[in-house]
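Contents: one structure, followed by commentary.
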Amino acid sequence: MADLSSENDRLIRYRKDDPVDHAAVTVDSFLDQSSASAVRVEPGDDARELIPHLERLALVEVNFPSFGDGRGYSSARLLREAGYEGELRAVGDVLVDQVAYMRRCGFDAFDPDAPLDQSDVEAALSRWPEVYQSAADASTPIWNKRHG
Amino acid sequence: MYLYDHYDQAMVDARVEEFRDQARRRLEGKLTEDQFKPLRLMNGLYLQLHAYMLRVAIPYGTLNSRQMHALADIADKYDRGYGHFTTRQNIQYNWIRLQDAADILADLAKVEMHAIQTSGNCIRNISSDHFAGAAADELVDPRPYAELLRQWSSFHPEFSYLPRKFKIAVIASDTDRAAMRLHDIGIQIVEQDGELGAAFYVGGGMGRTPMIAPCIKEFVPLDRLVTYAEACLRVYNREGRRDNKYKARIKILVHEMGAEEYAKAVDAEFEHMLDEGIEPPFAELERIRTFFEDPAFDQSASEDIDRSDPDFALWVDRNTVAHKVPGYASAVISLKPVGGIPGDATSERMRLMADLAEEYSFDELRVMHTQNIVLPHVRKADLHALWTALEAAGLGSPNLDTVEDIIACPGLDYCSLANARSIPVAQKISERFSASGKTEALGQLKLKISGCINACGHHHAGHIGILGVDRKGVENYQLLLGGSEAEDVSLAKITGPGFDEAGIVDAVETAADVYLREREDGERFLDTYRRIGMTPFKEALYG
Ligand code: HEM
Ligand code: SF4
């Protein structure tokens, strides 16, 4: 399988498996077309409609047309809570100042419109020593450490 | 009072370093203003008419004297020697330089304070009852729940890009001193069959479309509090309108869906979330509670107050409030001297208030949403000494909840969104009533002024409200009557055509005179208005 990360130098991935090699379809066409294994969720889509079909999905792209539209954070978390383990990729207006929260909501790949500097991303991801709440990542909340 | 442990401190310190880096990139020109704006807003830094403004969070309005001293030092070191206490129990500095902002945040972090999430479309600082832990009528101290929610909402990964800002208030008494039902979420801690829980009111707010929050859940058990709040927010984050900034608050969503439908959607989300491990263990709430245990009150402290000095007796009657321990009172320091700027305090006065809190109030101070300061736990025997010190510093105005105790937003003197000035109107009204001597006769009369439709000065909730509008390029003021932010919550109504600056001061006096003429025994202005309605006021105003 082709390694897309070598073809697309904007793609940043935190997964070991190979990226899906075909384009993502809209939620509507995914729901009527059984062959696709990649789907693209827009802010107004209800990600819960995908839940019965998670088995056959390998890639969910969540689009952020503008970084200030935070619906995609909920879409991502909902899918992870429903047990989705495939790739969850944030695409669109994704800036370095959002990647840490996105990781916490379950995103494990970023394909932003404007390329991110890998070292800025690493700095942003390592900035926060702790977290206050449980989310879709493996971080241990402060309350758990206090009483762990 | 809550104290940070090394976890809390590490989070605040990390935030300072992050912002220092962002401000440096902006100053070096590596970030444009457009890119920098959302980042500075998450740290309470606004660009105003003349300078940057920094809003510092005072969680649930509680401070100790060391923190108040730090606020005074910041006013001297980085501003013009004063600060402005706001209706959300925070403090704002109006004359900040971008180059100093990170240093100010670092100074704040040293005293366990910050400016995190004091602006932006995220969950803002959580407000509460300013008499929490002292009020004779409270069920429990509401602040542990507010602190639990503060931690939950800090750096929340899912809810930092909401459709619009989000404000939460927590109270635990039937008397509402926090305008609870005018918040996006208002929580009242209640008791049912001997067990504590939380009633959730969702979808209140002021701004251009004021709404009173309906109750969507009468009882959420305390060990589900965070999970239920998370469900409320998730439904809003997914469904709240993003097509129109003026329709983006949760009040519009709840209104358009209907409270019942919204509540159903929250319930469904809540059921699902119960298995997600969102709720902190009960031990965490217990840990937080230990910080809010009563200080060592002297249960046998004398209840006697020597009232031989009439000025002191007046201040006691007006500015002190019943405490749960009979030998104590909560004392309100008015930041509304006649002719002054509501809510402003000089560094010198901040230091004095801090020192008095240390001496007389177990080191605690509170910021009220009415822009005054409370010393919550003062022995009755110490009230005279306290009052004497306040009087000497010009802080002894005996005007709590009177027509002189005006809430006013910064208005056109500072704010880039303003239509009209608020501060001079407040100054003229307090001067007028103080000079005419009617303040005393009018009793409780809550007057609230906003310089534009955004309603930062709570004009919708004033017994008398004033709203600044722009009329063909001239500052104009509308008069509103009949609002209340308290447990008898209601929204004020506009009387009719607006007035110019001199005219609005006269109009307030005219409305006050109608009340004095019409009132029956024991009625407040609001009660009389509710009984007789708008017509007699209109006749007097527009004749
Ligand atoms: C000076 C800079 C300020 C700006 C630019 C500003 C901006 C705004 C805006 C745009 C709204 C309307 C939000 C909406 O309806 O969605 C608003 C509401 C509000 N602001 Fe301000 N504000 C400022 C200062 C203040 C101050 C000093 C206070 C406290 C005294 C304050 C407290 C509030 C409150 C209580 C509301 C209405 C409650 C609600 O959110 O529904 N603001 N502000
Ligand atoms: S009410 Fe209007 S004028 Fe007053 S502070 Fe808010 S935005 Fe500014």
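Labeling convention for the structure tokens: chains A, B, ... as they appear, residues from 1 per chain, ligands from 1 in order of appearance.
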| task | Could you list the residues in chain A lying within 10 Å of chain B, using only C-alpha atoms, and format the result as a ChimeraX atom specification? | result | /A:43-46,67-78,81-82,95,97-105,123-124,127-136,141-148
Kindly assemble as CSV a list of the region 369-425 of chain B residues that lie within 12 Å of region 503-507 of chain B, each paired with its nearest atom pair and their distance in Å to one decimal, using only C-alpha atoms, sorted first by chain and then by ascending residue number.
residue,atom,partner,partner_atom,distance
B:Val403,CA,B:Val505,CA,11.9
B:Ser422,CA,B:Ile504,CA,11.4
B:Pro424,CA,B:Val505,CA,10.4
B:Val425,CA,B:Val505,CA,7.2
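With distances restricted to only C-alpha atoms and all ligand atoms, B:Asp344 is the closest residue to ligand 1 from B:Asp21, B:Asp344, B:Asp176, B:Glu28.
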| request: Name the residues, by chain letter and number, that sit within 9 Å of ligand 2 using only C-alpha atoms and all ligand atoms, and give them as a PyMOL selection string. | output: chain B and resi 207+408-422+449-459+467-468
| message | So that I can check the surroundings of Ser29 (chain A), please list as a ChimeraX atom specification every protein, DNA and RNA residue that reaches within 12 Å of it, counting only C-alpha atoms and ignoring chain neighbours fewer than 6 positions away. | response | /A:35-41,50
Save the residues we just selected, all heavy atoms, as an mmCIF file, in the first residue's frame?
data_model
loop_
_atom_site.group_PDB
_atom_site.id
_atom_site.type_symbol
_atom_site.label_atom_id
_atom_site.label_comp_id
_atom_site.auth_asym_id
_atom_site.auth_seq_id
_atom_site.Cartn_x
_atom_site.Cartn_y
_atom_site.Cartn_z
ATOM 1 N N SER A 35 -19.100 0.276 -0.154
ATOM 2 C CA SER A 35 -17.709 -0.108 -0.389
ATOM 3 C C SER A 35 -16.677 0.834 0.251
ATOM 4 O O SER A 35 -15.557 0.432 0.519
ATOM 5 C CB SER A 35 -17.450 -0.190 -1.893
ATOM 6 O OG SER A 35 -17.661 1.091 -2.456
ATOM 7 N N ALA A 36 -17.042 2.081 0.482
ATOM 8 C CA ALA A 36 -16.034 3.045 0.955
ATOM 9 C C ALA A 36 -15.542 2.698 2.356
ATOM 10 O O ALA A 36 -16.297 2.201 3.190
ATOM 11 C CB ALA A 36 -16.624 4.446 0.945
ATOM 12 N N SER A 37 -14.258 2.950 2.598
ATOM 13 C CA SER A 37 -13.751 2.749 3.955
ATOM 14 C C SER A 37 -13.196 4.053 4.526
ATOM 15 O O SER A 37 -12.550 4.061 5.562
ATOM 16 C CB SER A 37 -12.669 1.673 3.965
ATOM 17 O OG SER A 37 -11.562 2.135 3.229
ATOM 18 N N ALA A 38 -13.454 5.148 3.804
ATOM 19 C CA ALA A 38 -13.010 6.456 4.298
ATOM 20 C C ALA A 38 -14.147 7.452 4.126
ATOM 21 O O ALA A 38 -14.785 7.511 3.080
ATOM 22 C CB ALA A 38 -11.779 6.924 3.521
ATOM 23 N N VAL A 39 -14.395 8.231 5.153
ATOM 24 C CA VAL A 39 -15.511 9.174 5.114
ATOM 25 C C VAL A 39 -15.041 10.518 5.648
ATOM 26 O O VAL A 39 -14.112 10.591 6.446
ATOM 27 C CB VAL A 39 -16.712 8.622 5.920
ATOM 28 C CG1 VAL A 39 -16.365 8.504 7.391
ATOM 29 C CG2 VAL A 39 -17.963 9.465 5.736
ATOM 30 N N ARG A 40 -15.718 11.572 5.157
ATOM 31 C CA ARG A 40 -15.359 12.915 5.611
ATOM 32 C C ARG A 40 -16.557 13.536 6.313
ATOM 33 O O ARG A 40 -17.638 13.654 5.748
ATOM 34 C CB ARG A 40 -14.984 13.747 4.404
ATOM 35 C CG ARG A 40 -14.477 15.128 4.731
ATOM 36 C CD ARG A 40 -14.174 15.794 3.397
ATOM 37 N NE ARG A 40 -13.719 17.141 3.555
ATOM 38 C CZ ARG A 40 -12.464 17.528 3.329
ATOM 39 N NH1 ARG A 40 -11.546 16.670 2.938
ATOM 40 N NH2 ARG A 40 -12.130 18.790 3.478
ATOM 41 N N VAL A 41 -16.360 13.939 7.564
ATOM 42 C CA VAL A 41 -17.439 14.491 8.377
ATOM 43 C C VAL A 41 -17.336 16.016 8.372
ATOM 44 O O VAL A 41 -16.308 16.573 8.736
ATOM 45 C CB VAL A 41 -17.338 13.961 9.826
ATOM 46 C CG1 VAL A 41 -18.397 14.598 10.720
ATOM 47 C CG2 VAL A 41 -17.469 12.438 9.849
ATOM 48 N N LEU A 50 -22.671 7.326 11.819
ATOM 49 C CA LEU A 50 -21.634 6.384 11.391
ATOM 50 C C LEU A 50 -21.504 5.204 12.353
ATOM 51 O O LEU A 50 -20.899 4.184 12.017
ATOM 52 C CB LEU A 50 -20.282 7.093 11.296
ATOM 53 C CG LEU A 50 -20.200 8.272 10.306
ATOM 54 C CD1 LEU A 50 -18.838 8.940 10.414
ATOM 55 C CD2 LEU A 50 -20.440 7.776 8.877
#
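In this model, the gap between CA of Val170 (chain B) and CA of Val316 (chain B) comes to 27.8 Å.
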| request: Just the alpha helix (DSSP H) stuff from region 91-232 of chain B, please, per backbone DSSP, written as number ranges by chain. | output: B: 98-110, 143-153, 225-232
Deliver the residues from the most recent selection as a file, using N, CA, C and O atoms, as a tab-separated table (two decimals), in the first residue's frame.
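Now in again.tsv:
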chain	number	residue	atom	x	y	z
B	98	LEU	N	1.12	45.37	25.77
B	98	LEU	CA	1.31	43.98	25.36
B	98	LEU	C	2.63	43.41	25.88
B	98	LEU	O	2.70	42.26	26.32
B	99	GLN	N	3.67	44.23	25.85
B	99	GLN	CA	4.97	43.72	26.31
B	99	GLN	C	4.95	43.28	27.77
B	99	GLN	O	5.79	42.51	28.20
B	100	ASP	N	4.02	43.81	28.55
B	100	ASP	CA	3.98	43.47	29.98
B	100	ASP	C	3.06	42.29	30.30
B	100	ASP	O	3.08	41.77	31.41
B	101	ALA	N	2.21	41.93	29.33
B	101	ALA	CA	1.12	41.01	29.67
B	101	ALA	C	1.62	39.68	30.26
B	101	ALA	O	1.08	39.20	31.26
B	102	ALA	N	2.66	39.10	29.68
B	102	ALA	CA	3.14	37.81	30.19
B	102	ALA	C	3.70	37.96	31.60
B	102	ALA	O	3.52	37.08	32.45
B	103	ASP	N	4.38	39.09	31.87
B	103	ASP	CA	4.90	39.30	33.22
B	103	ASP	C	3.76	39.44	34.24
B	103	ASP	O	3.87	38.97	35.37
B	104	ILE	N	2.68	40.07	33.81
B	104	ILE	CA	1.54	40.20	34.72
B	104	ILE	C	0.98	38.80	35.03
B	104	ILE	O	0.71	38.48	36.20
B	105	LEU	N	0.85	37.98	33.99
B	105	LEU	CA	0.33	36.63	34.23
B	105	LEU	C	1.26	35.86	35.17
B	105	LEU	O	0.81	35.09	36.02
B	106	ALA	N	2.56	36.08	35.02
B	106	ALA	CA	3.52	35.40	35.90
B	106	ALA	C	3.36	35.90	37.34
B	106	ALA	O	3.41	35.11	38.29
B	107	ASP	N	3.16	37.20	37.50
B	107	ASP	CA	2.94	37.74	38.86
B	107	ASP	C	1.67	37.15	39.46
B	107	ASP	O	1.62	36.83	40.65
B	108	LEU	N	0.64	37.00	38.63
B	108	LEU	CA	-0.60	36.41	39.12
B	108	LEU	C	-0.40	34.96	39.53
B	108	LEU	O	-0.90	34.51	40.57
B	109	ALA	N	0.35	34.22	38.72
B	109	ALA	CA	0.56	32.79	39.00
B	109	ALA	C	1.23	32.60	40.36
B	109	ALA	O	0.99	31.61	41.05
B	110	LYS	N	2.07	33.57	40.75
B	110	LYS	CA	2.74	33.45	42.05
B	110	LYS	C	1.75	33.47	43.21
B	110	LYS	O	2.07	33.02	44.31
B	143	ARG	N	-19.29	26.93	46.94
B	143	ARG	CA	-18.01	27.09	46.24
B	143	ARG	C	-17.26	25.78	45.93
B	143	ARG	O	-16.60	25.71	44.90
B	144	PRO	N	-17.37	24.74	46.76
B	144	PRO	CA	-16.69	23.49	46.36
B	144	PRO	C	-17.18	22.99	44.99
B	144	PRO	O	-16.40	22.47	44.19
B	145	TYR	N	-18.47	23.18	44.72
B	145	TYR	CA	-19.02	22.72	43.44
B	145	TYR	C	-18.52	23.61	42.31
B	145	TYR	O	-18.22	23.15	41.21
B	146	ALA	N	-18.42	24.91	42.62
B	146	ALA	CA	-17.88	25.84	41.63
B	146	ALA	C	-16.42	25.51	41.33
B	146	ALA	O	-15.97	25.57	40.19
B	147	GLU	N	-15.66	25.15	42.37
B	147	GLU	CA	-14.25	24.82	42.16
B	147	GLU	C	-14.11	23.52	41.36
B	147	GLU	O	-13.28	23.41	40.45
B	148	LEU	N	-14.96	22.55	41.68
B	148	LEU	CA	-14.93	21.29	40.91
B	148	LEU	C	-15.17	21.60	39.42
B	148	LEU	O	-14.47	21.08	38.54
B	149	LEU	N	-16.13	22.47	39.17
B	149	LEU	CA	-16.44	22.83	37.78
B	149	LEU	C	-15.35	23.71	37.17
B	149	LEU	O	-15.11	23.66	35.97
B	150	ARG	N	-14.71	24.52	37.99
B	150	ARG	CA	-13.59	25.33	37.47
B	150	ARG	C	-12.51	24.41	36.90
B	150	ARG	O	-12.02	24.59	35.80
B	151	GLN	N	-12.17	23.38	37.68
B	151	GLN	CA	-11.12	22.48	37.21
B	151	GLN	C	-11.56	21.72	35.97
B	151	GLN	O	-10.82	21.61	35.00
B	152	TRP	N	-12.78	21.22	36.01
B	152	TRP	CA	-13.30	20.49	34.85
B	152	TRP	C	-13.27	21.35	33.58
B	152	TRP	O	-12.94	20.89	32.49
B	153	SER	N	-13.63	22.63	33.73
B	153	SER	CA	-13.77	23.47	32.54
B	153	SER	C	-12.45	24.09	32.09
B	153	SER	O	-12.40	24.66	31.00
B	225	LEU	N	-22.52	15.33	38.77
B	225	LEU	CA	-22.59	16.76	38.45
B	225	LEU	C	-21.79	17.11	37.19
B	225	LEU	O	-22.27	17.76	36.27
B	226	VAL	N	-20.54	16.67	37.16
B	226	VAL	CA	-19.66	17.00	36.04
B	226	VAL	C	-20.16	16.33	34.76
B	226	VAL	O	-20.18	16.94	33.69
B	227	THR	N	-20.61	15.09	34.89
B	227	THR	CA	-21.10	14.37	33.71
B	227	THR	C	-22.32	15.08	33.12
B	227	THR	O	-22.43	15.23	31.90
B	228	TYR	N	-23.21	15.53	33.99
B	228	TYR	CA	-24.40	16.21	33.47
B	228	TYR	C	-24.03	17.53	32.80
B	228	TYR	O	-24.56	17.87	31.73
B	229	ALA	N	-23.11	18.25	33.41
B	229	ALA	CA	-22.66	19.52	32.81
B	229	ALA	C	-22.02	19.24	31.44
B	229	ALA	O	-22.25	19.96	30.47
B	230	GLU	N	-21.25	18.18	31.38
B	230	GLU	CA	-20.60	17.82	30.11
B	230	GLU	C	-21.65	17.51	29.04
B	230	GLU	O	-21.52	17.92	27.89
B	231	ALA	N	-22.71	16.83	29.44
B	231	ALA	CA	-23.78	16.52	28.47
B	231	ALA	C	-24.47	17.80	27.99
B	231	ALA	O	-24.75	17.97	26.80
B	232	CYS	N	-24.72	18.73	28.92
B	232	CYS	CA	-25.32	20.02	28.54
B	232	CYS	C	-24.46	20.73	27.50
B	232	CYS	O	-24.96	21.28	26.52
Selection: 12 Å around Glu509 (chain B), only C-alpha atoms, excl. self and same-chain fewer than 6 positions, as a compact mmCIF listing (two decimals) with N, CA and C atoms, in the first residue's frame:
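Printed below is selection-v7.txt as written:
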# COMPACT_ATOMS: atom_id res chain seq x y z
N VAL B 403 -30.20 53.42 45.46
CA VAL B 403 -30.09 54.01 44.13
C VAL B 403 -28.66 54.50 43.84
N LYS B 428 -23.60 61.13 37.81
CA LYS B 428 -24.60 62.21 37.98
C LYS B 428 -25.80 61.74 38.79
N ILE B 429 -26.20 60.48 38.56
CA ILE B 429 -27.37 59.98 39.31
C ILE B 429 -27.05 59.88 40.80
N SER B 430 -25.88 59.35 41.12
CA SER B 430 -25.58 59.22 42.56
C SER B 430 -25.44 60.60 43.19
N GLU B 431 -24.89 61.56 42.44
CA GLU B 431 -24.78 62.92 43.00
C GLU B 431 -26.17 63.53 43.21
N ARG B 432 -27.04 63.35 42.24
CA ARG B 432 -28.39 63.93 42.33
C ARG B 432 -29.13 63.40 43.57
N PHE B 433 -29.11 62.07 43.75
CA PHE B 433 -29.91 61.50 44.84
C PHE B 433 -29.27 61.75 46.20
N SER B 434 -27.94 61.77 46.21
CA SER B 434 -27.29 62.04 47.47
C SER B 434 -27.58 63.48 47.90
N SER B 436 -30.21 65.34 47.03
CA SER B 436 -31.62 65.57 47.36
C SER B 436 -32.03 64.84 48.63
N GLY B 437 -31.17 63.95 49.09
CA GLY B 437 -31.49 63.21 50.32
C GLY B 437 -32.56 62.14 50.14
N LYS B 438 -32.90 61.81 48.88
CA LYS B 438 -33.97 60.83 48.67
C LYS B 438 -33.50 59.37 48.77
N THR B 439 -32.20 59.17 48.77
CA THR B 439 -31.67 57.80 48.79
C THR B 439 -32.30 56.97 49.90
N LEU B 442 -35.96 56.05 49.38
CA LEU B 442 -36.20 55.11 48.29
C LEU B 442 -35.90 53.67 48.67
N LEU B 445 -33.30 49.98 45.70
CA LEU B 445 -33.62 50.36 44.33
C LEU B 445 -32.38 50.04 43.48
N LEU B 447 -30.22 49.95 40.38
CA LEU B 447 -30.12 50.69 39.13
C LEU B 447 -28.91 50.18 38.34
N ILE B 464 -34.49 49.69 37.98
CA ILE B 464 -34.42 50.69 36.92
C ILE B 464 -33.20 50.36 36.08
N LEU B 479 -34.80 54.23 29.08
CA LEU B 479 -35.09 53.91 30.47
C LEU B 479 -35.90 52.61 30.50
N ALA B 502 -28.62 64.63 30.24
CA ALA B 502 -29.26 65.35 31.35
C ALA B 502 -30.68 64.81 31.57
N GLY B 503 -31.36 64.53 30.46
CA GLY B 503 -32.74 64.06 30.52
C GLY B 503 -32.87 62.72 31.23
N TYR B 515 -42.83 56.39 42.39
CA TYR B 515 -42.82 55.35 43.43
C TYR B 515 -43.12 55.97 44.81
N LEU B 516 -42.45 57.05 45.14
CA LEU B 516 -42.63 57.65 46.47
C LEU B 516 -44.09 58.07 46.68
N PHE B 537 -45.98 55.53 35.38
CA PHE B 537 -44.62 55.98 35.14
C PHE B 537 -44.54 56.69 33.77
N ALA B 540 -46.01 60.14 33.93
CA ALA B 540 -45.13 61.11 34.58
C ALA B 540 -43.94 61.46 33.69
N LEU B 541 -43.46 60.48 32.93
CA LEU B 541 -42.26 60.71 32.13
C LEU B 541 -42.55 61.49 30.85
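The interatomic distance for the pair CA of Asp401 (chain B) and CA of Met206 (chain B) works out to 20.5 Å.
Restricting the calculation to only C-alpha atoms, the smallest distance between Asn64 (chain B) and any of B:Met113, B:Ala385, B:Met180, B:Val254 is found for B:Met113.
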